[in-house]
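Coordinates as given in run-v4.cif (mmCIF, C-alpha atoms):
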data_upload
#
loop_
_atom_site.label_atom_id
_atom_site.label_comp_id
_atom_site.auth_asym_id
_atom_site.auth_seq_id
_atom_site.Cartn_x
_atom_site.Cartn_y
_atom_site.Cartn_z
CA MET A 189 25.13 -20.42 -22.35
CA ALA A 190 23.92 -19.72 -18.83
CA ASN A 191 26.29 -19.28 -15.90
CA PRO A 192 27.74 -22.55 -14.56
CA GLY A 193 25.08 -24.39 -12.55
CA TYR A 194 22.14 -22.75 -14.34
CA GLY A 195 20.31 -23.46 -17.59
CA LYS A 196 19.28 -26.67 -19.32
CA ARG A 197 19.60 -30.07 -17.65
CA SER A 198 18.74 -33.29 -19.49
CA ALA A 199 16.63 -35.86 -17.68
CA PRO A 200 17.88 -39.47 -17.64
CA GLN A 201 16.55 -42.59 -19.40
CA GLN A 202 15.57 -40.89 -22.65
CA LEU A 203 14.95 -42.83 -25.84
CA PRO A 204 17.45 -42.40 -28.71
CA ARG A 205 16.87 -39.42 -30.97
CA THR A 206 14.84 -40.22 -34.12
CA ARG A 207 13.22 -38.34 -36.99
CA GLU A 208 9.81 -38.97 -35.43
CA ASP A 209 10.55 -37.06 -32.24
CA PHE A 210 7.81 -34.52 -31.40
CA SER A 211 5.83 -35.51 -34.52
CA LEU A 212 2.57 -35.46 -32.55
CA LEU A 213 3.04 -31.83 -31.51
CA PRO A 214 1.73 -28.82 -33.46
CA THR A 215 4.17 -27.11 -35.83
CA ARG A 216 5.31 -24.35 -33.48
CA GLU A 217 5.80 -26.63 -30.50
CA ARG A 218 7.61 -29.17 -32.68
CA TYR A 219 9.93 -26.44 -33.95
CA VAL A 220 10.76 -25.15 -30.45
CA ALA A 221 11.13 -28.68 -29.03
CA GLY A 222 13.57 -29.70 -31.76
CA PHE A 223 15.70 -26.63 -31.09
CA VAL A 224 15.73 -27.11 -27.31
CA ASP A 225 16.50 -30.81 -27.67
CA HIS A 226 19.72 -30.01 -29.54
CA LEU A 227 20.90 -27.36 -27.08
CA PRO A 228 23.92 -28.40 -24.97
CA GLU A 229 23.83 -28.89 -21.22
CA GLY A 230 23.81 -25.57 -19.38
CA ALA A 231 22.32 -23.59 -22.28
CA ALA A 232 20.25 -20.54 -21.35
CA MET A 233 16.55 -21.42 -21.36
CA SER A 234 14.81 -18.11 -20.64
CA VAL A 235 12.03 -17.03 -22.97
CA LYS A 236 14.03 -13.93 -23.89
CA GLN A 237 17.13 -15.90 -24.89
CA LEU A 238 15.18 -18.51 -26.84
CA ALA A 239 13.29 -15.81 -28.76
CA LYS A 240 16.61 -14.27 -29.81
CA GLN A 241 17.68 -17.60 -31.34
CA LEU A 242 14.33 -18.46 -32.96
CA PRO A 243 13.44 -15.61 -35.36
CA LEU A 244 10.15 -17.18 -36.47
CA TYR A 245 8.47 -16.51 -33.11
CA GLY A 246 8.43 -13.74 -30.53
CA GLN A 247 8.65 -14.01 -26.76
CA GLN A 248 4.90 -14.52 -26.26
CA ALA A 249 4.81 -17.34 -28.81
CA ILE A 250 7.88 -18.99 -27.24
CA SER A 251 6.31 -18.73 -23.78
CA THR A 252 3.10 -20.37 -25.04
CA ALA A 253 5.09 -23.13 -26.74
CA LEU A 254 7.03 -23.86 -23.55
CA ASN A 255 3.76 -24.12 -21.64
CA ALA A 256 2.50 -26.67 -24.17
CA LEU A 257 5.77 -28.64 -23.92
CA SER A 258 5.43 -28.65 -20.15
CA VAL A 259 1.89 -30.01 -20.40
CA ALA A 260 3.10 -32.61 -22.93
CA GLY A 261 5.64 -33.83 -20.37
CA HIS A 262 8.89 -32.64 -21.95
CA LEU A 263 10.13 -30.02 -19.47
CA ARG A 264 9.93 -28.74 -15.91
CA ARG A 265 11.34 -25.50 -14.54
CA VAL A 266 12.83 -25.66 -11.04
CA ARG A 267 14.70 -23.58 -8.50
CA CYS A 268 17.45 -25.44 -6.62
CA SER A 269 18.64 -24.05 -3.29
CA VAL A 270 22.30 -24.88 -2.80
CA THR A 271 24.24 -24.19 0.40
CA ASN A 272 28.03 -24.32 0.17
CA ALA A 273 30.61 -25.01 2.87
CA SER A 274 30.51 -21.34 3.95
CA ASP A 275 26.76 -21.53 4.71
CA GLU A 276 26.00 -19.26 1.75
CA THR A 277 22.70 -20.16 0.11
CA ARG A 278 21.88 -19.37 -3.50
CA TRP A 279 19.05 -20.39 -5.80
CA VAL A 280 19.93 -22.01 -9.12
CA TYR A 281 17.34 -21.67 -11.90
CA ARG A 282 17.19 -24.69 -14.22
CA THR A 283 15.00 -26.24 -16.87
CA PHE A 284 14.95 -30.03 -16.89
CA TRP A 285 14.35 -31.36 -20.40
CA SER A 286 13.26 -34.81 -21.61
CA ARG A 287 12.99 -35.71 -25.27
CA THR A 288 10.85 -38.63 -24.12
CA ALA A 289 7.51 -37.34 -22.81
CA ARG A 290 6.97 -38.11 -19.10
CA ASP A 291 3.87 -38.04 -16.95
CA ASN A 292 3.50 -36.13 -13.69
CA GLU A 293 4.27 -39.20 -11.56
CA TRP A 294 7.61 -39.70 -13.31
CA TRP A 295 8.60 -36.06 -12.96
CA ASN A 296 7.63 -35.98 -9.28
CA ALA A 297 9.66 -39.10 -8.54
CA TYR A 298 12.66 -37.86 -10.52
CA LEU A 299 12.70 -34.43 -8.87
CA ALA A 300 12.44 -36.09 -5.46
CA THR A 301 15.65 -38.04 -6.13
CA GLU A 302 17.28 -34.97 -7.68
CA ASN A 303 16.44 -33.04 -4.53
CA ASN A 304 18.60 -35.40 -2.47
CA SER A 305 21.55 -35.69 -4.84
CA PRO A 306 24.80 -33.74 -4.30
CA ASP A 307 25.45 -30.77 -6.53
CA GLU A 308 28.02 -28.08 -7.19
CA ALA A 309 27.70 -24.61 -5.73
CA PRO A 310 26.11 -22.15 -8.17
CA ALA A 311 27.79 -19.24 -9.85
CA PRO A 312 27.68 -15.94 -7.96
CA GLU A 313 24.91 -14.49 -10.11
CA GLU A 314 22.63 -15.19 -13.05
CA PRO A 315 23.61 -14.06 -16.55
CA ASP A 316 21.26 -11.09 -16.63
CA ALA A 317 21.71 -10.10 -12.99
CA GLU A 318 22.49 -6.43 -12.33
CA PRO A 319 25.39 -5.35 -10.11
CA ALA A 320 24.60 -4.80 -6.46
CA PRO A 321 23.67 -1.18 -5.72
CA GLU A 322 25.83 1.01 -3.54
CA ALA A 323 24.90 1.55 0.08
CA THR A 324 24.06 5.20 -0.66
CA GLY A 325 20.89 4.06 -2.39
CA VAL A 326 19.29 2.84 0.86
CA PRO A 327 16.54 5.18 2.09
CA GLN A 328 17.32 6.68 5.49
CA GLN A 329 14.80 6.44 8.30
CA ARG A 330 13.26 9.64 9.59
CA THR A 331 14.80 11.05 12.79
CA PRO A 332 12.97 13.20 15.35
CA ALA A 333 13.69 16.91 15.39
CA GLN A 334 16.41 17.96 17.81
CA ALA A 335 15.77 20.38 20.62
CA PRO A 336 17.55 23.75 20.14
CA ASP A 337 19.62 23.38 23.33
CA THR A 338 20.99 19.94 22.56
CA ALA A 339 23.88 18.90 20.39
CA PRO A 340 22.95 17.63 16.91
CA ALA A 341 22.60 13.88 16.85
CA LYS A 342 24.54 11.76 14.44
CA PRO A 343 22.56 10.62 11.38
CA ARG A 344 20.84 7.33 11.94
CA THR A 345 21.91 4.48 9.71
CA VAL A 346 19.85 1.50 8.65
CA GLU A 347 20.79 -1.67 10.46
CA ALA A 348 22.00 -4.57 8.35
CA ARG A 349 18.58 -6.22 8.15
CA PRO A 350 18.59 -8.30 4.93
CA ALA A 351 14.84 -8.08 4.31
CA TYR A 352 14.75 -4.29 4.75
CA LEU A 353 17.81 -3.74 2.57
CA ALA A 354 16.41 -5.99 -0.19
CA LEU A 355 13.21 -3.92 -0.27
CA ALA A 356 15.09 -0.62 -0.15
CA ARG A 357 17.18 -1.59 -3.17
CA LEU A 358 14.20 -2.43 -5.37
CA GLY A 359 13.63 1.17 -6.39
CA ARG A 360 17.25 1.58 -7.39
CA ASN A 361 17.18 -1.55 -9.55
CA ASP A 362 13.79 -0.76 -11.12
CA HIS A 363 12.28 2.75 -11.25
CA ARG A 364 8.76 1.26 -11.14
CA LEU A 365 9.23 0.14 -7.52
CA PRO A 366 10.24 3.22 -5.50
CA LEU A 367 9.66 2.62 -1.80
CA SER A 368 9.93 5.08 1.07
CA ALA A 369 11.50 4.17 4.39
CA ASP A 370 8.01 3.75 5.87
CA ASP A 371 7.04 1.45 2.98
CA CYS A 372 10.11 -0.73 3.59
CA THR A 373 9.33 -0.91 7.29
CA ALA A 374 5.73 -1.92 6.57
CA LEU A 375 6.76 -4.71 4.18
CA GLU A 376 9.76 -5.92 6.15
CA PRO A 377 7.87 -8.50 8.29
CA LEU A 378 6.53 -10.24 5.17
CA ALA A 379 9.93 -10.22 3.46
CA THR A 380 11.53 -11.57 6.63
CA GLN A 381 9.16 -14.55 6.53
CA TRP A 382 10.49 -15.38 3.05
CA LEU A 383 14.08 -15.36 4.28
CA ASP A 384 13.12 -17.39 7.35
CA ARG A 385 11.80 -20.09 4.99
CA GLY A 386 15.22 -20.61 3.47
CA VAL A 387 15.15 -18.43 0.36
CA SER A 388 18.00 -16.07 -0.50
CA VAL A 389 17.85 -12.32 -1.02
CA ASP A 390 18.42 -12.93 -4.75
CA TYR A 391 15.41 -15.26 -4.87
CA LEU A 392 13.26 -12.72 -3.01
CA THR A 393 14.30 -9.90 -5.34
CA HIS A 394 13.62 -11.99 -8.45
CA ALA A 395 10.16 -12.98 -7.23
CA LEU A 396 9.22 -9.34 -6.56
CA THR A 397 10.53 -7.90 -9.83
CA ALA A 398 9.76 -10.62 -12.41
CA GLY A 399 6.98 -9.88 -14.91
CA LEU A 400 6.17 -6.35 -13.77
CA PRO A 401 3.54 -4.39 -15.75
CA ALA A 402 4.70 -1.41 -17.81
CA GLN A 403 3.40 0.98 -15.14
CA VAL A 404 3.00 0.35 -11.42
CA ASP A 405 0.52 2.74 -9.79
CA SER A 406 0.99 1.48 -6.25
CA PRO A 407 4.41 -0.14 -5.60
CA LEU A 408 3.51 -0.72 -1.95
CA GLY A 409 0.25 -2.50 -2.78
CA LEU A 410 1.74 -4.59 -5.59
CA LEU A 411 4.68 -5.76 -3.47
CA ARG A 412 2.47 -6.53 -0.47
CA ARG A 413 0.27 -8.67 -2.74
CA ARG A 414 3.26 -10.53 -4.21
CA LEU A 415 4.86 -11.10 -0.82
CA THR A 416 1.58 -12.57 0.42
CA ASP A 417 0.44 -14.58 -2.62
CA LYS A 418 3.86 -16.01 -3.58
CA MET A 419 5.00 -16.87 -0.06
CA PRO A 420 7.19 -20.01 -0.49
CA PRO A 421 6.36 -23.12 1.53
CA ARG A 422 8.20 -23.86 4.73
CA LEU A 423 10.46 -26.83 4.08
CA PRO A 424 10.87 -29.49 6.79
CA THR A 425 14.20 -29.72 8.59
CA ALA A 426 15.95 -32.81 9.92
CA GLU A 427 15.02 -33.55 13.55
CA ASN A 428 18.35 -35.16 14.44
CA PRO A 429 21.15 -33.63 12.40
CA SER A 430 24.34 -35.65 12.32
CA PRO A 431 27.34 -34.21 14.19
CA GLY A 432 30.34 -32.78 12.43
CA THR A 433 30.61 -30.44 9.47
CA PRO A 434 27.28 -30.39 7.60
CA ALA A 435 27.37 -31.39 3.97
CA PRO A 436 26.01 -28.94 1.37
CA THR A 437 22.22 -29.07 1.40
CA ARG A 438 19.93 -28.81 -1.56
CA ARG A 439 16.26 -28.08 -1.92
CA ILE A 440 14.15 -28.00 -5.06
CA LEU A 441 11.05 -25.97 -5.75
CA MET A 442 9.31 -26.42 -9.07
CA GLU A 443 8.12 -23.18 -10.63
CA CYS A 444 5.15 -22.65 -12.90
CA THR A 445 6.35 -22.70 -16.51
CA ASP A 446 4.04 -19.77 -17.29
CA CYS A 447 4.11 -17.33 -14.36
CA GLY A 448 7.05 -18.60 -12.29
CA ARG A 449 5.05 -19.23 -9.10
CA PRO A 450 7.10 -21.63 -6.92
CA GLY A 451 5.71 -24.75 -5.26
CA GLN A 452 6.15 -28.44 -4.62
CA PRO A 453 5.97 -30.68 -7.74
CA GLU A 454 2.72 -32.26 -6.55
CA ALA A 455 1.08 -28.82 -6.47
CA LEU A 456 2.04 -28.02 -10.08
CA PRO A 457 0.70 -30.81 -12.32
CA ASP A 458 1.90 -30.45 -15.91
CA GLY A 459 4.35 -27.86 -14.57
CA LEU A 460 1.61 -25.22 -14.25
CA CYS A 461 -0.06 -23.64 -11.24
CA ARG A 462 -3.84 -23.74 -10.92
CA PRO A 463 -4.53 -20.21 -12.29
CA CYS A 464 -2.34 -20.82 -15.34
CA ARG A 465 -3.91 -24.22 -16.01
CA THR A 466 -7.36 -22.62 -16.18
CA THR A 467 -6.25 -19.67 -18.33
CA HIS A 468 -6.22 -20.16 -22.10
CA HIS A 469 -3.87 -17.91 -24.04
CA PRO A 470 -5.53 -16.16 -27.00
CA ASP A 471 -3.20 -17.77 -29.54
CA THR A 472 -3.69 -21.29 -28.17
CA PRO A 473 -7.18 -22.64 -28.95
CA PRO A 474 -8.55 -24.79 -26.08
CA ALA A 475 -9.46 -27.58 -28.48
CA GLU A 476 -5.88 -27.72 -29.78
CA ALA A 477 -4.44 -27.82 -26.25
CA ALA A 478 -6.82 -30.62 -25.28
CA ASP A 479 -5.87 -32.54 -28.41
CA VAL A 480 -2.17 -32.22 -27.62
CA ARG A 481 -2.79 -33.46 -24.08
CA ALA A 482 -4.77 -36.48 -25.31
CA ARG A 483 -2.14 -37.43 -27.88
CA MET A 484 0.74 -37.12 -25.41
CA THR A 485 -1.13 -39.17 -22.81
CA ASN A 486 -1.63 -41.90 -25.42
CA LEU A 487 2.05 -41.75 -26.38
CA ARG A 488 3.18 -42.09 -22.75
CA ASP A 489 0.88 -45.09 -22.31
CA LEU A 490 2.44 -46.72 -25.36
CA LEU A 491 5.95 -46.12 -24.03
CA LYS A 492 5.08 -47.86 -20.76
CA THR A 493 4.25 -51.03 -22.68
CA VAL A 494 7.58 -51.12 -24.52
#

Taking this structure as input, can you express it in the form of structure tokens?
Amino acid sequence: MANPGYGKRSAPQQLPRTREDFSLLPTRERYVAGFVDHLPEGAAMSVKQLAKQLPLYGQQAISTALNALSVAGHLRRVRCSVTNASDETRWVYRTFWSRTARDNEWWNAYLATENNSPDEAPAPEEPDAEPAPEATGVPQQRTPAQAPDTAPAKPRTVEARPAYLALARLGRNDHRLPLSADDCTALEPLATQWLDRGVSVDYLTHALTAGLPAQVDSPLGLLRRRLTDKMPPRLPTAENPSPGTPAPTRRILMECTDCGRPGQPEALPDGLCRPCRTTHHPDTPPAEAADVRARMTNLRDLLKTV
């Protein structure tokens, strides 16, 4: 099970479970779909956790199957921003699941209503989150040399700038991303733009560290590219907020089922971003993927006539 507030969420208005569920899907996708469908609410839905429970397939095969199920209309991965009464904002990672295949229009409409519905505050951290590093791990900025006839200056400390501290802690959490103080200063403006757009430090850290290659030759270049390419959209704010204590707010960003790139539902048809939609995995023949899409489209059309 995932932490409270995370994990699997079942979509509404699903047809009753039958023996014919997922019968139009290929064997692997049918196997994974049947397992996911029987998972309880709040179950962990990461590729790593699913691969541990499904010994027939590894993580790559599970990831490919989830992509196919997203295209078939059975799931969407989202990130929900929840602000509690103390103005603390956290991102909740969820996978919405529907036994009944849905088209893009249905998912977009459903996530729009889900975006405006009240929700509980998330748990403090995700199941696999690492403990926060100690302050001693923050690189210190360089100080100018002192003149011989002056008293030694006190060591300079890094101001509590969230974007800078988040970047400085990356190297402590993952040895592939060591950054110097100058590197953190150079990347800080980009990271600050992320935080200004309503994301949390946890969200920023996850986006920068997810799916890293085995070896990173240029941490500065890789992080600058990710900060630029994955910049989240700026969400509109209410022009005339109501007086009094604000109610907890909630925002939803869909994420690509394959690479995790965030975006609005309309920008991720079939739950996939444009690069992932045009990339065919080696173990998924294009003809088979097209056949699955055609069959699921036909099935959705039949359901609309019922």

Inset, instruction - Write out as a list in words each polymer residue whose atoms come within 12 Å of Arg349 (chain A), counting only C-alpha atoms; drop sequence neighbours fewer than 4 positions from it. - result: Val326, Thr345, Leu353, Ala354, Leu355, Ala356, Cys372, Thr373, Glu376, Pro377, Ala379, Thr380, Leu383 and Val389 of chain A

Inset, instruction - Quick one: apply the PyMOL selection byres ((chain A and resi 400-405) around 12) to the file and drop the selected residues here as a PyMOL selection string. - result: chain A and resi 359+362-367+394-399+406-411+414+447

Could you write out the selected residues, including C-alpha atoms, as a CSV table (one decimal), keeping the file's coordinate frame?
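As a result, part.csv now contains:
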chain,number,residue,atom,x,y,z
A,359,GLY,CA,13.6,1.2,-6.4
A,362,ASP,CA,13.8,-0.8,-11.1
A,363,HIS,CA,12.3,2.8,-11.2
A,364,ARG,CA,8.8,1.3,-11.1
A,365,LEU,CA,9.2,0.1,-7.5
A,366,PRO,CA,10.2,3.2,-5.5
A,367,LEU,CA,9.7,2.6,-1.8
A,394,HIS,CA,13.6,-12.0,-8.4
A,395,ALA,CA,10.2,-13.0,-7.2
A,396,LEU,CA,9.2,-9.3,-6.6
A,397,THR,CA,10.5,-7.9,-9.8
A,398,ALA,CA,9.8,-10.6,-12.4
A,399,GLY,CA,7.0,-9.9,-14.9
A,406,SER,CA,1.0,1.5,-6.2
A,407,PRO,CA,4.4,-0.1,-5.6
A,408,LEU,CA,3.5,-0.7,-2.0
A,409,GLY,CA,0.2,-2.5,-2.8
A,410,LEU,CA,1.7,-4.6,-5.6
A,411,LEU,CA,4.7,-5.8,-3.5
A,414,ARG,CA,3.3,-10.5,-4.2
A,447,CYS,CA,4.1,-17.3,-14.4

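Selection around (12.5, -29.0, -7.2) with radius 7 Å, counting all atoms listed in the file, yields the residues A:Val266, A:Arg267, A:Cys268, A:Leu299, A:Asn303, A:Arg439, A:Ile440, A:Leu441, A:Met442, A:Gln452, A:Pro453.
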
Inset, instruction - On this file, the PyMOL selection byres ((chain A and resi 230) around 9) gives some set of residues; write that set as a ChimeraX atom specification. - result: /A:189-197,227-229,231-233,282

Legend entry - Answer as an NGL selection string, residues within 12 Å of (19.5, -40.3, -21.6) using all atoms listed in the file: :A and (197-205 or 225 or 285-288)

Inset, instruction - Kindly indicate which residue among A:Leu244, A:Leu415, A:Ala289, A:Leu358 lies nearest to Tyr219 (chain A), using only C-alpha atoms for the distances. - result: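 Residue with the minimum atom-to-atom distance to Tyr219 (chain A): A:Leu244.
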
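Taken over the shown file, the PyMOL selection byres ((chain A and resi 279) around 8) identifies Arg267, Cys268, Ser269, Val270, Thr277, Arg278, Val280, Tyr281, Pro310, Val387, Ser388, Asp390 and Tyr391 of chain A.
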
Legend entry - Atom pair CA of Gly386 (chain A) / CA of Cys464 (chain A): separation (Å):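 These atoms are spaced 25.7 Å apart.
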